[in-house]
Every structure is written in structure tokens, then in C-alpha cells.
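A.B. asks: Provided herewith is a single structure, encoded as C-alpha cells, for subsequent inquiry.
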Amino acid sequence: MLALHSFTESLITAEVPALAAYRSFTEIVQGYAEILRSRGRSDPEDLYTLDRIVKEHALVDMVRRSFAVVDREEMLAATHNFLRFCSFRGVTDLVLKWLRRDLDAAWSERMSPLERSAELRRLRRDLIESQRGSRKFLERMAEYDREERKLAFKDAEVKRLTAAMEAEGEDGEARDLERLRSDLEAARRERGRQAEALSEYADLALYLQHMNRFSLYTRTRQDYEASVMHLTPEQKEVVDAVRPGRDFLVWGGAGTGKTIVLLHAFAKTLAEKAGDLAIEGPARTVLLTYTKTLVKYDRYLAEVLRAGDPQAMVLTADSFLLARLKLLDSRWYVDYKGWELLAQGMNDTGVLTAEELAAEVEDFLLGNAVTREEYVEEGIPRRGMRQPLTRAQREKVWGIRDGMVDAMMRTGALSKNLSRIVMIEHMEKNPKDDRLRDCDFIFLDESQDLSAVDLMALKRMAGRGLVMAGDAGQAIYGMGSPFRRAGIELAGRTRVLRSNFRNTCPIAEAAEAYRMLGGEEGEQAAQAFREGPAPELYAADTRDALMRMVAQKAQLFTRRLGYAPENVAVLVPSKGDIPAITEMLSLKGLAAETIMEDRFSFSSRGTVRISTLHSSKGLDFPVVLLYLPSLPARGSIDGKAADTLARNLIYVSMTRAMDILDVFLLDPPLEKPLQDLAETLGRVGRP
């Protein structure tokens with residue numbers, strides 16, 4: 001590391017000789033970064049690399065001064081940062097190729113460094129021990145900041161007086177020299193007293209030192225993976241398995257790169273279509289997903305991959321299907337609330353509330369295209385519904401269902417699921433009408449969150465196949481797997497991704513432990529391999545106190561640990577929490593943007609991101625601050641089903657974090673899923 005940093009310094013001062021006059025390595029590199037900005041060469045990734053090299057130098061100084069231990073993994077991280085610097089600096093040499101080859105070989109194993117690194121194990125244990133009593137910890141961190149600023153002021157005063165003494169020299173006036181000497185001695189005494197006061201915060205200084213080392217390694221490893229991982233062999237095999245004329249499912253846990261795989265398959269299909277002269281007509285290939293936020297994110301990634309025209313080809317499933325509904329009758333539209341009012345006016349069941357009846361008709365009967373024979377005669381199980389029904393009660397509900405459908409068809413204000421059934425029935429009755437069948441392939445992200453009738457309609461609209469990505473562990477909008485109900489045959493057409501590229505080992509371990517604590521079963525969790533700090537739990541007895549903690553941690557990550565503001569995300573239960581969080585961040589000098597806003601762009605920089613738990617699905621952020629004073633509203637589903645969806649939502653939110661996860665809960669948590677989360681974070685990662 002000494003050699004790499006010495007060579008880095010020599011390259012910089014050779015390019016900009018004036019920087020050789022600077023006193024320290026840090027000043028030289030930071031001065032170089034400012035020059036790059038002034039020249040218009042301020043690529044953020046290049047500047048982040050220089051920032052990481054500056055932070056590495058603190059470890060180099062520890063080696064020089066006290067023979068500190070440098071971990072093998074940290075040496076590999078330093079090598080990567082050095083190679084990145086040489087790359088944008090335009091340095092090419094055979095030795096650099098050897099270093100790149102050896103780095104690729106060392107990190108291609110993708111094992112957890114804790115399996116072979118005693119030093120990282122020690123750092124992780126010390127971090128856990130140093131962060132005890134979260135509220136007091138953050139209060140003292142603010143005090144430590146103030147005391148450190150005072151020491152910096154005293155240091156500057158000593159340097160100023162020392163420089164003045166040197167400028168006077170031996171030839172100066174005796175009276176002036178004596179005055180300067182007296183002032184300098186007084187300043188040194190003041191600095192000594194301030195340094196002694198700061199020593200009371202030695203535990204916090206150690207925490208910050210460890211966090212700097214860990215976050216530096218974690219971010220560098222993530223940067224390395226992004227630079228080499230266009231597709232892993234596992235992911236490439238999945239992309240190659242996508243074939244025309246057949247449905248296909250990419251299945252994998254959080255962080256396995258399902259969206260990246262889907263986008264690569266999307267780009268590959270577009271390229272193949274461009275060279276396939278056998279395809280005639282206006283047939284389209286589109287990529288659909290569940291939320292508007294995820295559409296923006298997928299468009300952003302598609303632009304990076306240069307996959308066609310993202311604005312025209314990456315859409316929400318709802319907007320895509322609404323456009324097709326309008327082709328059948330321009331007066332029809334989707335009314336997301338009218339059916340609830342109809343259920344309220346027609347409810348004479350005597351056993352179901354208006355809310356329960358509305359959910360029974362829209363979510364269960366229409367959402368699954370349940371027939372009268374199945375519902376009344378066969379007594380199909382009603383999963384997730386609170387109230388059991390007799391045959392006579394089902395007959396009554398079915399009659400109300402028919403009345404609601406008739407009313408919606410008369411007005412043209414269709415519920416979401418009825419609109420799908422209308423299109424399905426039209427395609428079945430009019431097989432020669434191709435207006436709704438103008439797509440070859442439909443690619444579908446987060447497919448587990450769509451209803452059975454969504455999938456039924458899309459399957460009939462895709463001429464050569466429905467290619468889906470999903471994860472049952474992340475189902476947050478519905479219960480169970482809708483694929484079989486939709487008539488989609490996936491035997492032999494499913495591939496499972498098993499490597500977690502998003503999350504560090506501690507985050508993946510915590511998320512999986514939480515999932516298992518809820519009694520969830522399913523596929524074995526994907527294997528993570530990047531090391532990082534264990535998730536931290538913060539607790540307070542009021543929402544205001546929790547929000548202050550969130551803002552303090554956001555400030556710590558951006559001001560102390562060098563994370564760009566756009567790399568920090570605050571996830572909140574509902575939109576109603578956003579104004580207060582935004583104001584609290586503003587009081588700490590941090591600007592914030594809400595990712596659900598139409599004007600928001602994932603390419604923007606300089607602001608902390610805020611999102612609801614639901615809208616964060618499919619996204620990832622280096623730092624996630626999970627603000628959970630309570631759970632979002634549960635709706636009309638029964639207790640067990642609501643509990644499962646809440647746990648899935650928390651699991652999804654935890655796994656948005658790439659490097660660092662902090663969780664903020666009321667003390668004590670009010671709901672069982674949050675109580676279990678507190679228990680999980682109290683156990684995971686403890687030495």
C-alpha cells in the first residue's frame with residue numbers, strides 16, 4: 001500500500017508539478033481532484049476513486065506509525081482503487097495487467113472474507129461492541145463533532161502562530177518574537193486541553209475508524225463487482241436459456257441480479273429481432289413492471305445497457321394493459337375506487353363488512369378469474385380471507401359479484417381485475433382480432449406481485465413468450481403463486497439464481513434470519529460474499545426522536561464516512577411520513593428527494609433519496625436507513641396473511657441495502673413483525 005500510494009503521488013505531481021509544494025498526500029490528491037473538476041473532467045466515479053484513495057491513506061499512516069495490521073482484503077481493495085486511478089489517468093503498463101489478473105483471480109472466488117480473514121472478523125466484532133446504547137451513542141456523536149471542530153480550530157491557531165514565528169526569524173523584533181512565542185505557548189496549552197477533552201470520546205473515534213475501514217473495503221468491493229460483472233456464468237446461462245415460443249421464469253432471492261438478467265435477455269432479444277428478417281409487421285417487445293418507480297429505475301438501467309428505446313419499451317403493466325383496454329372501447333377506463341363504493345351499496349351479506357366484500361369480489365373472485373362452479377359448487381379455498389363462508393353465503397356473494405360487474409360494464413368504469421377479464425374474454429371469443437396481440441415477447445419484472453388475471457391477459461398478448469423474473473420471498477402485494485392459476489407452464493423453464501451480488505454478508509444474514517423467524521419456508525437463500533458492518537438497531541420512545549436519529553446517521557454517512565448523498569436512502573412506512581423526514585434532514589443541512597415524484601431521476605446527484613417501503617421494491621442503495629415506527633396499513637386481509645405480507649415487506653426493505661443497514665424502531669415496537677425484527681437484529685452478528 002505504501003508503494004501504491006507513493007506511485008500515485010508521483011504520477012499526480014508529474015502531471016501537476018505545482019502540487020508537489022503541498023505538505024501531505026491527502027492535500028495532493030484532494031488538490032488534484034479539484035483540478036479535475038475545474039478542467040471539466042469530474043466524472044463522479046473517478047472522483048469517488050480519489051476519495052477512496054484519500055481514505056485509504058489513513059490506514060497507510062497507521063502502518064507507518066504503529067505497524068498496524070493491513071488485511072489481505074483491504075490490500076486487494078487498495079489494488080482495485082489504484083488500478084481505477086491508473087485507468088482514468090491513462091497509464092498502461094504490463095505490470096498493471098498482472099495486477100488486474102491477480103486481483104480478478106483473488107476475488108473471483110466470491111467467498112465471504114470472514115472465512116479467511118481474522119482481521120475483518122476482529123473489526124466486525126469491535127464495531128458491534130462499540131455501538132451499544134444507540135440513543136446515547138448518537139447524542140455523544142454530536143458532542144464529539146463539536147469537540148473535534150474545536151480541536152481543529154486550536155490546531156489551525158498553532159499552525160498560524162508557528163508560521164508567523166518562522167516568518168519573523170532570528171532577525172525579527174525581540175518584542176514581536178516574545179509576543180508570538182507567548183501566544184504560541186498559550187495556543188499549545190489550549191490545544192492540549194482540547195485534545196484531552198476529546199480523549200473522552202475514544203470509543204467513538206474507534207467506531208469511526210472501524211467504520212471507515214469497513215465501509216472503504218465494502219464500497220471498493222462493490223465497485224469492483226460492478227466493473228467486472230456484466231454477467232456471471234450463472235447469469236449468462238439464464239440469459240442463453242431464454243428461447244422464442246416458450247414462457248420462462250427467472251427465480252431468485254434478493255440481490256441475485258434478476259432485473260439485470262431480465263434486461264440482458266431483453267437487449268439480446270431486441271438484437272436478435274433486428275437481424276431476423278422473418279419477423280414482419282409492427283410486433284413489439286416490451287418490459288413491464290409493477291410500480292412507476294421501478295419503471296424509472298429499469299429505464300435507467302436499460303439506458304446504461306443501450307437496450308432499445310426505454311421510454312417506449314419499459315412501462316408499468318397497468319399502463320400497458322390500459323392502452324389495450326382502450327383499443328376495445330375508448331370509453332372504458334380503470335376506476336380504482338368505484339368498485340369499493342358499489343360493494344358498500346350492495347352489501348346485504350350479513351357477515352362481511354363492505355371492505356371485506358369488496359376484497360372478496362375484486363381481489364379473490366375477479367383477480368383469480370374464479371368461476372361460479374368453483375366458488376359455489378366446489379367451495380374453492382379462499383386463502384387470506386378473514387371470514388369463513390357457508391355455501392349459501394357464497395351464493396349471496398356471487399350474486400353481488402354479478403351485480404357489481406353489470407354496474408361497472410354499464411358505466412364503463414371497470415375495476416382493475418374486471419378490465420383484465422374483459423380483455424381475456426375478448427381474445428378468447430375473437431381469435432382473429434390481433435389488436436391486443438401486437439407483442440412478440442413480453443418481459444415482466446417482479447412478476448410475483450401481479451394477479452392471476454394480469455398474467456392470463458399478458459400471456460395471451462405475447463405471441464412468442466412471457467419472460468418473467470420473480471421471488472416469492474418478496475411478494476408484497478398478494479398471496480401465493482399466481483402462475484399455475486394463470487395457466488403458465490414452467491416445468492423445465494425456470495432457472496434459479498443463487499449468488500447474492502447486492503448485499504453484504506451481515507445484511508443477507510440478518511434478512512434471512514428475520515425471514516426464518518417468521519416461519520417462512522422456501523428456497524435456500526442466495527449466497528452473499530462481500531463483507532461489511534453488521535446492521536445496527538436504534539430505538540427511541542417517540543417518532544420525533546427516531547427521526548432525529550435518522551437525520552443524524554444520514555449526516556454521519558455523508559459528512560464523516562464519505563458517502564455521496566444520493567447513496568443514502570431513507571425508507572418510510574407511508575407517504576405521510578415523508579414531509580417530517582424531509583424537514584428533519586433539512587435541519588441537518590441535507591437536501592432530499594422523493595423517488596416517487598414524477599420529476600425524480602435516478603441519474604440525479606447530491607440529494608438523499610426518500611421512498612416508501614413499497615416503492616423501494618426492486619431498487620438498491622449503498623446505505624439504507626429503515627425508519628419503522630409502525631407498519632403500513634394492512635387492508636382487509638386476515639391476520640396471518642397480513643402478517644406474512646408485512647414480513648415480506650420488511651424483508652424486501654432490508655435487502656435494498658448494499659453496504660450498510662440501520663433500522664430505527666420505537667421502544668418497545670408495537671407490532672409483532674417489528675418485535676421480531678428487533679429480536680433478530682439483537683442476535684445477528686453478535687460475537
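Letters for chains follow the order of the C-alpha cells (A, B, ...), residue numbers begin at 1 for each chain, and ligand numbers begin at 1 in the order shown.
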Skipping near chain neighbours, those fewer than 6 positions away, what residues fall within 12 Å of Gly90 in chain A using only C-alpha atoms, listed as a list in words?

C.D. replies: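 The filter keeps Leu11, Ile12, Glu15, Leu83, Arg84 and Leu96 of chain A.
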
A.B. asks: For the residues in the current selection, export N, CA and C atoms as an mmCIF file, in the first residue's frame.

C.D. replies:
```cif
data_model
loop_
_atom_site.group_PDB
_atom_site.id
_atom_site.type_symbol
_atom_site.label_atom_id
_atom_site.label_comp_id
_atom_site.auth_asym_id
_atom_site.auth_seq_id
_atom_site.Cartn_x
_atom_site.Cartn_y
_atom_site.Cartn_z
ATOM 1 N N LEU A 11 2.738 10.178 -9.847
ATOM 2 C CA LEU A 11 2.002 10.408 -11.094
ATOM 3 C C LEU A 11 1.289 11.761 -11.059
ATOM 4 N N ILE A 12 0.681 12.080 -9.924
ATOM 5 C CA ILE A 12 -0.062 13.339 -9.816
ATOM 6 C C ILE A 12 0.882 14.532 -9.907
ATOM 7 N N GLU A 15 2.159 15.224 -13.360
ATOM 8 C CA GLU A 15 1.180 15.876 -14.227
ATOM 9 C C GLU A 15 0.961 17.327 -13.814
ATOM 10 N N LEU A 83 -5.739 0.649 -9.580
ATOM 11 C CA LEU A 83 -5.947 0.339 -11.000
ATOM 12 C C LEU A 83 -6.983 1.272 -11.614
ATOM 13 N N ARG A 84 -8.029 1.611 -10.850
ATOM 14 C CA ARG A 84 -9.022 2.565 -11.355
ATOM 15 C C ARG A 84 -8.372 3.924 -11.600
ATOM 16 N N LEU A 96 0.523 -3.453 -14.651
ATOM 17 C CA LEU A 96 -0.872 -3.214 -14.294
ATOM 18 C C LEU A 96 -1.752 -4.367 -14.757
#
```

A.B. asks: Quick one: pick out all helix (DSSP H, G or I) residues within range 308-553 of chain A from a backbone DSSP run and write them as a PyMOL selection string.

C.D. replies: chain A and resi 310-313+317-328+338-346+354-366+372-377+391-411+416-429+447-449+452-461+472-474+505-517+543-553

A.B. asks: Which distance in Å separates CA of Pro388 in chain A and CA of Gln344 in chain A, to one decimal?

C.D. replies: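 Here the two named atoms are 19.3 Å from each other.
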
A.B. asks: Any idea what's packed within 8 Å of range 550-561 of chain A, counting only C-alpha atoms, ignoring anything in its chain fewer than 4 positions away? Could you give it as a PyMOL selection string?

C.D. replies: chain A and resi 138+208+211-212+215+546+565+568+570+581+584-585+588+590+625+627+664

A.B. asks: Of the candidates A:Ala569, A:Ala526, A:Leu649, A:Leu670, which one gets nearest to Ala254 in chain A if we count only C-alpha atoms?

C.D. replies: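 Selected residue with least distance to Ala254 in chain A: A:Ala526.
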
A.B. asks: Have a look at A:Met461, A:Leu497, A:Ala528, A:Leu613 and name the one nearest to Pro233 in chain A; count only C-alpha atoms.

C.D. replies: A:Leu497

A.B. asks: For a test of reading the model, state the distance in Å between CA of Arg493 in chain A and CA of Phe248 in chain A, rounded to one decimal.

C.D. replies: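 CA of Phe248 in chain A lies 5.1 Å from CA of Arg493 in chain A.
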
A.B. asks: Which residue out of A:Leu626, A:Leu458, A:Leu315, A:Leu342 has the minimum interatomic distance to Asp406 in chain A when only C-alpha atoms are used?

C.D. replies: A:Leu342

A.B. asks: Which residues, written as a PDB file with C-alpha atoms, in the first residue's frame, have at least one atom at most 8 Å from range 394-399 of chain A, with only C-alpha atoms counted and residues fewer than 6 positions away on the same chain left out?

C.D. replies:
```pdb
ATOM      1  CA  THR A 349     -74.473 -10.498   3.175  1.00  0.00           C
ATOM      2  CA  LEU A 357     -66.891  -7.839   0.400  1.00  0.00           C
ATOM      3  CA  VAL A 361     -65.052  -9.711  -5.270  1.00  0.00           C
ATOM      4  CA  ARG A 372     -69.306 -19.778 -10.173  1.00  0.00           C
ATOM      5  CA  TYR A 375     -66.766 -20.767  -5.862  1.00  0.00           C
ATOM      6  CA  VAL A 376     -70.265 -22.012  -5.037  1.00  0.00           C
TER       7      VAL A 376
END
```
